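First comes the structure, then the notes that go with it.
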Amino acid sequence: MKIELKHISKDYGRKNVLSDVSAEAESGSCVGILGGNGCGKSTLLSVLAGIRKPTSGSFICDGHDIFGDRRLMSRIIGYVPQGTPLIEELSARDNLRIFYDNDGLKRELEQGTLKLLGIDEYINVPVRKMSGGMKKRLSIGCAVANHPPVLILDEPSAALDLICKQSINGYLAAYKRNGGIILLATHDEEELKLCDKWYILKNGISVPYEYDGNVDKLIRNF
Amino acid sequence: MRKTLVYLWLQVKKAVKALPAVAVTALVISGAIVLLFFMMKSIGNITDPDEPLKVGIVGNTNDEYFAVGLAAMKHFDSSRFAVEMEELTEEEARRLVMKGAISGYAVIPEGFVDSIMTGENKKITLVTTNASRDLLSSLVIEFTDQISGYLLETQNSIYGLSSYLNDAGITDRSAAINEINLFYVNLVMRRDDLFEPIEIIDEGSSVSQAAGYICGLTIFLVMLFGIAYSPVYTRRELSLNAVLRSRGVGTVRQSLCEYLSYLLVMLLCIIPIISALVFAIHGSGIVIAEWESGFIEDYIYFVAGYIPVIIMFASMQYMLFLAADNFIAGVSLQFICSVLLAYLGGCLYPLSFFPEMIRKLAPYQPAGAAYEHLSRILLVKDTGGPLIKMGIYAVLFFAVSIFIMNRRLKYEK
């Protein structure tokens with residue numbers, strides 16, 4: 001599978017947030033979207049996830065523009081927002097039920113993605129009693145229901161401890177190995193290493209960047 | 001569709017899970033409202049409109065002329081249907097006023113009648129509470145008007161008779177004087193002739209005071225229910241809604257699921273509370289004139305009348321849940337809107353106390369429409385008009401909820 005973002009722009013009324021974003025990725029790769037606070041990373045990811053409509057541009061997936069096809073988009077994209085997309089009062093199992101049917105949930109808990117994420121260990125715990133890392137893993141578990149080929153994550157390891165980060169990065173590496181495409185907004189060094197391509201968002205425009213492990217140099221480019 | 005149904009089921013589960021904690025808050029609110037109702041009753045604000053106003057007479061009532069006048073007022077005068085006078089000691093009268101059993105009392109000074117005859121005019125003192133002050137003042141003005149009228153009529157008749165007797169050359173005046181006295185007594189004893197029959201412009205369209213308070217306070221209870229569920233439904237972020245949207249569950253379907261779950265718990269919680277309130281009021285012996293026929297039939301009809309009220313307010317509260325992004329703002333919004341709408345809708349104070357403009361607008365705002373609807377149920381009248389208004393409001397609030405959700409999803413990070 002190959003995805004291409006072509007000249008995507010997004011305005012909020014008179015305010016232009018994204019003016020020309022273009023990027024591409026192929027199966028088994030991870031693309032890092034970088035940039036300072038307020039540069040439009042979250043807006044771009046929510047546009048790609050189908051939550052917000054773009055002002056112009058296209059999101060080509062194997063030759064089809066999926067911006068015009070919401071159903072196809074919801075099958076292709078798995079989205080993990082920055083917040084907690086979970087019902088706090090209910091258990092992990094209940095939250096997963098929205099995205100998995102009974103058989104699928106059972107299968108994934110026994111030997112699939114949810115087992116890999118370690119969700120089976122706290123499947124009956126109410127979300128409000130979970131740690132930040134547990135919640136994030138559960139959010140990813142919800143997003144990857146039905147195995148979408150593209151996974152979009154908005155700063156997945158923000159405010160998590162090292163063990164949680166490691167666990168999430170381990171899963172993302174496995175997702176990539178299995179042929180998935182990851183689009184990631186991040187500031188985290190470990191996540192940057194996970195990426196194969198990097199784009200810096202600056203004044204609403206995406207600029208390809210070659211990350212060489214030098215964070216200071218990267219920050220100077222923001 | 002599967003995702004939508006599961007989301008609905010999970011929303012119901014979430015709402016029911018929170019029910020025990022919410023029920024405690026709801027019971028506290030209900031308790032406060034019941035207390036308010038019984039306090040109003042105990043200080044005498046809620047009375048049967050057909051019950052005469054009770055006034056005590058204290059002091060020097062032993063004077064022969066005064067006693068005759070009082071007896072005439074108590075037994076012959078048409079005012080006896082509106083005002084009930086009772087001779088009391090000052091201590092007893094004061095106690096009854098404080099208890100709310102009488103509206104006030106008049107203290108007749110020593111030598112009152114003699115003072116009138118000598119032109120000294122000793123003054124009668126009226127004692128009352130703040131609550132009955134206006135009522136008693138009106139009564140005094142009315143009595144003073146009547147007395148002025150009698151004096152004028154008496155003067156006119158005396159001068160007229162005298163002049164007539166002079167003109168007619170009649171020297172034996174006793175028969176004529178006797179006749180005019182009888183006419184005068186007849187005039188005094190038939191004071192109702194002085195008034196045109198009272199025209200009540202809202203006859204049959206308003207409920208009794210006690211029923212009005214029941215409608216008003218229970219509507220207020222329904223409105224305050226949003227406070228109890230604020231911690232559950234007010235959200236800082238709409239991440240889940242965003243994810244669901246990206247997975248093909250639109251905001252209309254999401255809002256509908258959330259609204260229906262809230263409506264369900266509201267019905268589950270409020271109908272039993274209102275039923276209990278109605279039974280408590282009925283059991284406490286408060287006479288609700290509109291419930292004279294058969295209590296159970298009236299009760300079922302009345303309680304069923306709350307369903308559209310709850311549907312409308314659930315929609316309003318859901319809109320407010322979405323409008324607030326934290327618990328404090330959520331509770332404040334619910335409280336301010338409830339108090340404001342209940343006040344302007346005549347739920348806390350009878351609308352007759354308000355300026356004409358508010359009285360006219362009240363039935364067109366949510367609380368006013370709900371009040372009108374319940375009043376009409378009690379009066380066994382057609383409730384089509386208020387039902388349409390409530391339906392429009394329910395749809396409008398729901399549409400605004402969807403608008404708010406879309407807007408938050410658009411601008412929230």
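Chain labels A, B, ... are given in the sequence in which chains occur in the structure tokens; within each chain residues are numbered consecutively from 1, and ligands are likewise numbered from 1 in the order shown.
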Margin query: If DSSP is run on the backbone, what residues of stretch 44-96 of chain A are alpha helix (DSSP H)? A reply as a list in words would be ideal.
Written below: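 Everything in stretch 44-96 of chain A that counts as alpha helix (DSSP H) is Leu44, Leu45, Ser46, Val47, Leu48, Arg70, Arg71, Leu72, Met73, Ser74, Arg75, Ile76, Ala92, Arg93, Asp94, Asn95 and Leu96 of chain A.
Near A:Glu189, within a cut-off of 10 Å and counting only C-alpha atoms, sit the residues Gly213, Asn214 and Val215 of chain A, with same-chain residues fewer than 6 positions away left out.
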Where does chain B meet chain A within 12 Å, residue by residue, with the nearest atom pair and distance in Å to one decimal for each, counting only C-alpha atoms, listed by chain and rising number, as JSON lines?
```
{"residue": "B:Met1", "atom": "CA", "partner": "A:Ile98", "partner_atom": "CA", "distance": 10.8}
{"residue": "B:Arg2", "atom": "CA", "partner": "A:Ile98", "partner_atom": "CA", "distance": 8.2}
{"residue": "B:Lys3", "atom": "CA", "partner": "A:Ile98", "partner_atom": "CA", "distance": 5.4}
{"residue": "B:Thr4", "atom": "CA", "partner": "A:Ile98", "partner_atom": "CA", "distance": 8.1}
{"residue": "B:Leu5", "atom": "CA", "partner": "A:Ile98", "partner_atom": "CA", "distance": 8.7}
{"residue": "B:Val6", "atom": "CA", "partner": "A:Ile98", "partner_atom": "CA", "distance": 5.6}
{"residue": "B:Tyr7", "atom": "CA", "partner": "A:Ile98", "partner_atom": "CA", "distance": 6.1}
{"residue": "B:Leu8", "atom": "CA", "partner": "A:Ile98", "partner_atom": "CA", "distance": 9.7}
{"residue": "B:Trp9", "atom": "CA", "partner": "A:Ile98", "partner_atom": "CA", "distance": 9.6}
{"residue": "B:Leu10", "atom": "CA", "partner": "A:Asp94", "partner_atom": "CA", "distance": 7.1}
{"residue": "B:Gln11", "atom": "CA", "partner": "A:Ile87", "partner_atom": "CA", "distance": 8.6}
{"residue": "B:Val12", "atom": "CA", "partner": "A:Leu90", "partner_atom": "CA", "distance": 10.9}
{"residue": "B:Lys13", "atom": "CA", "partner": "A:Leu90", "partner_atom": "CA", "distance": 8.1}
{"residue": "B:Lys14", "atom": "CA", "partner": "A:Glu89", "partner_atom": "CA", "distance": 6.0}
{"residue": "B:Ala15", "atom": "CA", "partner": "A:Glu89", "partner_atom": "CA", "distance": 8.9}
{"residue": "B:Val16", "atom": "CA", "partner": "A:Glu89", "partner_atom": "CA", "distance": 10.4}
{"residue": "B:Lys17", "atom": "CA", "partner": "A:Glu89", "partner_atom": "CA", "distance": 7.8}
{"residue": "B:Ala18", "atom": "CA", "partner": "A:Glu89", "partner_atom": "CA", "distance": 8.1}
{"residue": "B:Leu19", "atom": "CA", "partner": "A:Glu89", "partner_atom": "CA", "distance": 11.8}
{"residue": "B:Pro231", "atom": "CA", "partner": "A:Glu89", "partner_atom": "CA", "distance": 10.9}
{"residue": "B:Val232", "atom": "CA", "partner": "A:Glu89", "partner_atom": "CA", "distance": 8.3}
{"residue": "B:Tyr233", "atom": "CA", "partner": "A:Ile87", "partner_atom": "CA", "distance": 10.5}
{"residue": "B:Arg235", "atom": "CA", "partner": "A:Ile87", "partner_atom": "CA", "distance": 10.4}
{"residue": "B:Arg236", "atom": "CA", "partner": "A:Gly83", "partner_atom": "CA", "distance": 9.7}
{"residue": "B:Glu237", "atom": "CA", "partner": "A:Gly83", "partner_atom": "CA", "distance": 7.1}
{"residue": "B:Leu238", "atom": "CA", "partner": "A:Pro85", "partner_atom": "CA", "distance": 7.4}
{"residue": "B:Ser239", "atom": "CA", "partner": "A:Pro85", "partner_atom": "CA", "distance": 4.4}
{"residue": "B:Leu240", "atom": "CA", "partner": "A:Pro85", "partner_atom": "CA", "distance": 3.7}
{"residue": "B:Asn241", "atom": "CA", "partner": "A:Pro85", "partner_atom": "CA", "distance": 7.4}
{"residue": "B:Ala242", "atom": "CA", "partner": "A:Ile51", "partner_atom": "CA", "distance": 6.1}
{"residue": "B:Val243", "atom": "CA", "partner": "A:Tyr79", "partner_atom": "CA", "distance": 6.5}
{"residue": "B:Leu244", "atom": "CA", "partner": "A:Pro85", "partner_atom": "CA", "distance": 8.8}
{"residue": "B:Arg245", "atom": "CA", "partner": "A:Ile51", "partner_atom": "CA", "distance": 6.1}
{"residue": "B:Ser246", "atom": "CA", "partner": "A:Gly50", "partner_atom": "CA", "distance": 5.1}
{"residue": "B:Arg247", "atom": "CA", "partner": "A:Ser74", "partner_atom": "CA", "distance": 4.5}
{"residue": "B:Gly248", "atom": "CA", "partner": "A:Ser74", "partner_atom": "CA", "distance": 5.8}
{"residue": "B:Val249", "atom": "CA", "partner": "A:Ser74", "partner_atom": "CA", "distance": 9.4}
{"residue": "B:Gly250", "atom": "CA", "partner": "A:Ile51", "partner_atom": "CA", "distance": 9.7}
{"residue": "B:Thr251", "atom": "CA", "partner": "A:Ile51", "partner_atom": "CA", "distance": 10.3}
{"residue": "B:Glu258", "atom": "CA", "partner": "A:Ile87", "partner_atom": "CA", "distance": 11.8}
{"residue": "B:Met405", "atom": "CA", "partner": "A:Ile51", "partner_atom": "CA", "distance": 11.9}
{"residue": "B:Asn406", "atom": "CA", "partner": "A:Arg52", "partner_atom": "CA", "distance": 9.5}
{"residue": "B:Arg407", "atom": "CA", "partner": "A:Arg52", "partner_atom": "CA", "distance": 10.4}
{"residue": "B:Arg408", "atom": "CA", "partner": "A:Arg52", "partner_atom": "CA", "distance": 11.0}
{"residue": "B:Leu409", "atom": "CA", "partner": "A:Ile51", "partner_atom": "CA", "distance": 7.4}
{"residue": "B:Lys410", "atom": "CA", "partner": "A:Arg52", "partner_atom": "CA", "distance": 6.2}
{"residue": "B:Tyr411", "atom": "CA", "partner": "A:Tyr12", "partner_atom": "CA", "distance": 8.5}
{"residue": "B:Glu412", "atom": "CA", "partner": "A:Thr43", "partner_atom": "CA", "distance": 9.3}
{"residue": "B:Lys413", "atom": "CA", "partner": "A:Ser42", "partner_atom": "CA", "distance": 6.5}
```
Please write the residues from the selection above to a file, keeping C-alpha atoms, as a PDB file, in the first residue's frame.
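Final file, out_16.pdb:
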```pdb
ATOM      1  CA  MET B   1     -24.944   0.544  12.895  1.00  0.00           C
ATOM      2  CA  ARG B   2     -23.405  -2.065  15.209  1.00  0.00           C
ATOM      3  CA  LYS B   3     -21.029   0.558  16.626  1.00  0.00           C
ATOM      4  CA  THR B   4     -23.947   2.952  17.203  1.00  0.00           C
ATOM      5  CA  LEU B   5     -25.990   0.344  19.070  1.00  0.00           C
ATOM      6  CA  VAL B   6     -23.014  -0.709  21.187  1.00  0.00           C
ATOM      7  CA  TYR B   7     -22.280   2.949  21.919  1.00  0.00           C
ATOM      8  CA  LEU B   8     -25.909   3.454  23.002  1.00  0.00           C
ATOM      9  CA  TRP B   9     -25.732   0.379  25.233  1.00  0.00           C
ATOM     10  CA  LEU B  10     -22.459   1.544  26.788  1.00  0.00           C
ATOM     11  CA  GLN B  11     -23.826   5.025  27.393  1.00  0.00           C
ATOM     12  CA  VAL B  12     -26.814   3.494  29.182  1.00  0.00           C
ATOM     13  CA  LYS B  13     -24.466   1.297  31.198  1.00  0.00           C
ATOM     14  CA  LYS B  14     -22.348   4.297  32.124  1.00  0.00           C
ATOM     15  CA  ALA B  15     -25.396   6.313  33.178  1.00  0.00           C
ATOM     16  CA  VAL B  16     -26.909   3.449  35.197  1.00  0.00           C
ATOM     17  CA  LYS B  17     -23.550   2.781  36.881  1.00  0.00           C
ATOM     18  CA  ALA B  18     -23.517   6.363  38.101  1.00  0.00           C
ATOM     19  CA  LEU B  19     -27.118   6.115  39.260  1.00  0.00           C
ATOM     20  CA  PRO B 231     -19.903  14.954  36.813  1.00  0.00           C
ATOM     21  CA  VAL B 232     -20.855  12.094  34.489  1.00  0.00           C
ATOM     22  CA  TYR B 233     -21.764  13.966  31.312  1.00  0.00           C
ATOM     23  CA  ARG B 235     -16.429  16.382  29.489  1.00  0.00           C
ATOM     24  CA  ARG B 236     -13.155  18.222  29.259  1.00  0.00           C
ATOM     25  CA  GLU B 237     -12.415  16.721  25.873  1.00  0.00           C
ATOM     26  CA  LEU B 238     -14.338  14.945  23.157  1.00  0.00           C
ATOM     27  CA  SER B 239     -11.583  12.541  22.049  1.00  0.00           C
ATOM     28  CA  LEU B 240     -13.873   9.531  21.984  1.00  0.00           C
ATOM     29  CA  ASN B 241     -16.402  11.428  19.887  1.00  0.00           C
ATOM     30  CA  ALA B 242     -13.593  12.381  17.509  1.00  0.00           C
ATOM     31  CA  VAL B 243     -12.438   8.762  17.192  1.00  0.00           C
ATOM     32  CA  LEU B 244     -15.983   7.527  16.669  1.00  0.00           C
ATOM     33  CA  ARG B 245     -16.467  10.123  13.992  1.00  0.00           C
ATOM     34  CA  SER B 246     -13.326   8.935  12.254  1.00  0.00           C
ATOM     35  CA  ARG B 247     -14.724   5.382  12.440  1.00  0.00           C
ATOM     36  CA  GLY B 248     -17.941   6.393  10.702  1.00  0.00           C
ATOM     37  CA  VAL B 249     -20.260   7.107  13.660  1.00  0.00           C
ATOM     38  CA  GLY B 250     -21.487  10.657  12.964  1.00  0.00           C
ATOM     39  CA  THR B 251     -22.147  13.300  15.604  1.00  0.00           C
ATOM     40  CA  GLU B 258     -25.852  10.014  24.713  1.00  0.00           C
ATOM     41  CA  MET B 405     -20.397  18.955  19.530  1.00  0.00           C
ATOM     42  CA  ASN B 406     -19.409  19.674  15.916  1.00  0.00           C
ATOM     43  CA  ARG B 407     -17.927  22.985  16.911  1.00  0.00           C
ATOM     44  CA  ARG B 408     -15.940  21.476  19.770  1.00  0.00           C
ATOM     45  CA  LEU B 409     -14.663  18.696  17.519  1.00  0.00           C
ATOM     46  CA  LYS B 410     -13.666  21.315  14.983  1.00  0.00           C
ATOM     47  CA  TYR B 411     -11.718  23.530  17.350  1.00  0.00           C
ATOM     48  CA  GLU B 412     -10.562  21.209  20.145  1.00  0.00           C
ATOM     49  CA  LYS B 413      -7.083  19.849  19.872  1.00  0.00           C
TER      50      LYS B 413
END
```
Checklist line | Length of the atom CA of A:Arg137 to atom CA of A:Asn37 vector [Å] | finding: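 Pair atom CA of A:Arg137 / atom CA of A:Asn37 returns 24.2 Å.
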Notebook entry, point to check: To one decimal place, how far is atom CA of B:Leu333 from atom CA of B:Gly305 in Å?
Noted result: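 Separation of atom CA of B:Leu333 and atom CA of B:Gly305: 26.1 Å.
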Checklist line | Counting only C-alpha atoms, the residue of B:Ser401, B:Cys337, B:Ile214, B:Ile358 that sits nearest B:Val303 | finding: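 The answer is B:Ile214, which sits nearest to B:Val303.
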Next item on the list: Please return as a PyMOL selection string: the residues of stretch 35-115 of chain A that backbone DSSP assigns to strand (DSSP E or B).
Entry: chain A and resi 56-61+64-65+77-80+91
Next, the residues of the selection above should be written as a PDB file, in the first residue's frame with C-alpha atoms.
```pdb
ATOM      1  CA  SER A  56      -8.368  21.594  -0.257  1.00  0.00           C
ATOM      2  CA  GLY A  57      -6.042  18.743  -1.173  1.00  0.00           C
ATOM      3  CA  SER A  58      -6.267  15.010  -1.426  1.00  0.00           C
ATOM      4  CA  PHE A  59      -5.331  11.908   0.515  1.00  0.00           C
ATOM      5  CA  ILE A  60      -4.512   9.263  -2.059  1.00  0.00           C
ATOM      6  CA  CYS A  61      -4.510   5.680  -0.918  1.00  0.00           C
ATOM      7  CA  HIS A  64      -8.106   6.475  -4.542  1.00  0.00           C
ATOM      8  CA  ASP A  65      -8.745   9.830  -2.919  1.00  0.00           C
ATOM      9  CA  ILE A  77      -7.425   4.675   9.139  1.00  0.00           C
ATOM     10  CA  GLY A  78      -6.929   3.939  12.818  1.00  0.00           C
ATOM     11  CA  TYR A  79      -6.624   7.124  14.879  1.00  0.00           C
ATOM     12  CA  VAL A  80      -5.203   7.684  18.353  1.00  0.00           C
ATOM     13  CA  SER A  91     -13.924  -1.199  31.888  1.00  0.00           C
TER      14      SER A  91
END
```
If we count only C-alpha atoms, what is near B:Leu348 at a cut-off of 10 Å, once residues fewer than 2 positions away on the same chain are taken out, given as an mmCIF file with C-alpha atoms, in the first residue's frame?
```
data_model
loop_
_atom_site.group_PDB
_atom_site.id
_atom_site.type_symbol
_atom_site.label_atom_id
_atom_site.label_comp_id
_atom_site.auth_asym_id
_atom_site.auth_seq_id
_atom_site.Cartn_x
_atom_site.Cartn_y
_atom_site.Cartn_z
ATOM 1 C CA GLY B 212 -49.353 25.558 41.439
ATOM 2 C CA TYR B 213 -46.568 25.053 43.946
ATOM 3 C CA CYS B 215 -46.210 21.887 39.530
ATOM 4 C CA GLY B 216 -43.637 24.634 39.941
ATOM 5 C CA LEU B 217 -41.411 22.909 42.454
ATOM 6 C CA ILE B 219 -40.492 21.262 37.405
ATOM 7 C CA PHE B 220 -37.681 22.937 39.305
ATOM 8 C CA VAL B 339 -33.114 29.023 38.615
ATOM 9 C CA LEU B 340 -33.528 31.657 35.911
ATOM 10 C CA LEU B 341 -35.989 29.682 33.821
ATOM 11 C CA ALA B 342 -37.917 28.405 36.848
ATOM 12 C CA TYR B 343 -38.191 31.944 38.243
ATOM 13 C CA LEU B 344 -39.323 33.506 34.975
ATOM 14 C CA GLY B 345 -41.625 30.581 34.241
ATOM 15 C CA GLY B 346 -43.637 31.049 37.426
ATOM 16 C CA PRO B 350 -46.857 32.775 41.022
ATOM 17 C CA LEU B 351 -46.755 34.669 37.743
#
```
